[in-house]
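Here is the structure we will look at.
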Amino acid sequence: DGGITQSPKYLFRKEGQNVTLSCEQNLNHDAMYWYRQDPGQGLRLIYYSQIVNDFQKGDIAEGYSVSREKKESFPLTVTSAQKNPTAFYLCASSIRRHTDTQYFGPGTRLTVL
Amino acid sequence: GDSVTQMEGPVTLSEEAFLTINCTYTATGYPSLFWYVQYPGEGLQLLLKATKADDKGSNKGFEATYRKETTSFHLEKGSVQVSDSAVYFCALSDRGEKLTFGTGTRLTIIP
């Protein structure tokens, strides 16, 4: 089955540690996205990538980094510079750049202790 | 910039009741509009979409009509079920660069 996988589902880290969240898609989509979701709020865009080896900052990129070395993979690193990293992180993809419809993975809940 | 305003929740209805969740938007161009649904502990699923004025998106008994004159995209369903309990997000995409989301509306259906 085609889809987007995110791992792990739950992640716990100590304050001050960097952590990398995985996102893989086998939909052959060009574009991929990372969003952050906080309780009672909508989703906010962290980073997005329209093609391999290229990515752009979203609305809340500070304290995060990404890479896009392969079409199917778009990992997100939450660095120690992110002031409030505890949140639900969602990865999404779309067929190509400037395509409206995005499809979402199941999410990773990160808790920083 | 672009923005989406959704009806404040939570919303609680009895089974078989009529549902409306209001959504209005602000955008500089001609956006596409979406409703996504999120079940507890899961990611978002696309429920329906409309890409131009007067289009009606529909899926699983839910409907929403793109109203350019009122900049609205209200979600409706004639008879809700317990399984419809979830959080619903209205969103827009202007030029396909990114999605702008509303804050979500939590819907609970009581048997």
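Identifiers in the structure tokens: chain A, B, ... in order shown; residue index from 1 per chain; ligand index from 1 in order shown.
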
Enumerate as a PyMOL selection string the residues belonging to chain A that approach chain B to within 10 Å, with only C-alpha atoms taken into account.
chain A and resi 6+9+31+33+35+37-45+47-48+50+58+88-92+94+96-109

Same residues, C-alpha atoms, saved as a PDB file, in the first residue's frame:
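Saved result, part21.pdb, follows:
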ATOM      1  CA  GLN A   6       6.426   8.377  10.373  1.00  0.00           C
ATOM      2  CA  LYS A   9       4.829   7.213  17.026  1.00  0.00           C
ATOM      3  CA  ALA A  31       6.918  17.740  -2.475  1.00  0.00           C
ATOM      4  CA  TYR A  33       6.214  19.128   4.313  1.00  0.00           C
ATOM      5  CA  TYR A  35       3.989  20.702  10.366  1.00  0.00           C
ATOM      6  CA  GLN A  37       0.499  20.809  15.992  1.00  0.00           C
ATOM      7  CA  ASP A  38      -0.057  22.136  19.504  1.00  0.00           C
ATOM      8  CA  PRO A  39      -3.204  21.538  21.592  1.00  0.00           C
ATOM      9  CA  GLY A  40      -6.107  23.717  20.504  1.00  0.00           C
ATOM     10  CA  GLN A  41      -4.183  25.147  17.586  1.00  0.00           C
ATOM     11  CA  GLY A  42      -4.069  24.545  13.904  1.00  0.00           C
ATOM     12  CA  LEU A  43      -1.045  23.175  12.118  1.00  0.00           C
ATOM     13  CA  ARG A  44       1.941  25.423  11.521  1.00  0.00           C
ATOM     14  CA  LEU A  45       4.423  24.855   8.716  1.00  0.00           C
ATOM     15  CA  TYR A  47       9.823  23.368   6.507  1.00  0.00           C
ATOM     16  CA  TYR A  48       8.900  22.199   3.056  1.00  0.00           C
ATOM     17  CA  GLN A  50       9.468  20.854  -3.473  1.00  0.00           C
ATOM     18  CA  GLY A  58       8.091  27.711   6.735  1.00  0.00           C
ATOM     19  CA  PHE A  88       2.737  16.553  17.694  1.00  0.00           C
ATOM     20  CA  TYR A  89       4.689  16.566  14.416  1.00  0.00           C
ATOM     21  CA  LEU A  90       3.029  15.765  11.111  1.00  0.00           C
ATOM     22  CA  CYS A  91       4.672  15.046   7.790  1.00  0.00           C
ATOM     23  CA  ALA A  92       2.811  15.490   4.513  1.00  0.00           C
ATOM     24  CA  SER A  94       1.929  16.261  -2.478  1.00  0.00           C
ATOM     25  CA  ARG A  96       4.407  17.957  -7.261  1.00  0.00           C
ATOM     26  CA  ARG A  97       5.170  21.535  -6.452  1.00  0.00           C
ATOM     27  CA  HIS A  98       2.254  23.923  -6.678  1.00  0.00           C
ATOM     28  CA  THR A  99      -0.162  21.039  -6.258  1.00  0.00           C
ATOM     29  CA  ASP A 100      -2.815  21.850  -3.691  1.00  0.00           C
ATOM     30  CA  THR A 101      -3.708  18.528  -2.122  1.00  0.00           C
ATOM     31  CA  GLN A 102      -1.448  17.284   0.645  1.00  0.00           C
ATOM     32  CA  TYR A 103      -1.586  13.826   2.211  1.00  0.00           C
ATOM     33  CA  PHE A 104      -0.542  13.330   5.819  1.00  0.00           C
ATOM     34  CA  GLY A 105       1.306  10.688   7.793  1.00  0.00           C
ATOM     35  CA  PRO A 106       0.155   9.399  11.205  1.00  0.00           C
ATOM     36  CA  GLY A 107       2.357  11.803  13.175  1.00  0.00           C
ATOM     37  CA  THR A 108       5.022  11.586  15.880  1.00  0.00           C
ATOM     38  CA  ARG A 109       4.336  12.848  19.390  1.00  0.00           C
TER      39      ARG A 109
END

Might you pull out every residue within 8 Å of Tyr10 of chain A, with only C-alpha atoms counted and same-chain residues fewer than 2 positions away left off, and present them as a short mmCIF file (atom, residue, chain, number, x, y, z; two decimals) with N, CA, C and O atoms, in the first residue's frame?
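Okay, this is what ended up in selection19.cif:
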data_model
loop_
_atom_site.label_atom_id
_atom_site.label_comp_id
_atom_site.auth_asym_id
_atom_site.auth_seq_id
_atom_site.Cartn_x
_atom_site.Cartn_y
_atom_site.Cartn_z
N SER A 7 8.04 7.61 11.96
CA SER A 7 8.45 6.80 13.10
C SER A 7 9.40 7.60 13.98
O SER A 7 10.13 8.46 13.50
N PRO A 8 9.38 7.31 15.28
CA PRO A 8 8.40 6.48 15.97
C PRO A 8 7.09 7.22 16.19
O PRO A 8 7.01 8.41 15.91
N PHE A 12 10.50 10.26 23.33
CA PHE A 12 10.83 11.00 24.55
C PHE A 12 12.31 11.35 24.52
O PHE A 12 13.13 10.52 24.18
N THR A 108 4.14 11.99 14.77
CA THR A 108 5.02 11.59 15.88
C THR A 108 4.80 12.56 17.03
O THR A 108 4.88 13.77 16.84
N ARG A 109 4.51 12.00 18.21
CA ARG A 109 4.34 12.85 19.39
C ARG A 109 5.66 12.90 20.13
O ARG A 109 6.12 11.88 20.66
N LEU A 110 6.28 14.07 20.17
CA LEU A 110 7.56 14.28 20.83
C LEU A 110 7.33 14.93 22.19
O LEU A 110 6.63 15.96 22.29
N THR A 111 7.90 14.32 23.21
CA THR A 111 7.84 14.88 24.56
C THR A 111 9.26 15.08 25.06
O THR A 111 10.05 14.12 25.09
#

How many Å lie between atom CA of Ala27 of chain B and atom CA of Thr71 of chain B, rounded to one decimal?
8.9 Å

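Nearest to Leu75 of chain B of all the residues B:Ile21, B:Ala50, B:Ser58, B:Tyr30 is B:Ile21, based on only C-alpha atoms.
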
Record the distance separating atom CA of Lys68 of chain B and atom CA of Gly1 of chain B, expressed in Å with one decimal.
17.2 Å

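Note that atom CA of Ala86 of chain B and atom CA of Pro40 of chain B are 6.8 Å apart.
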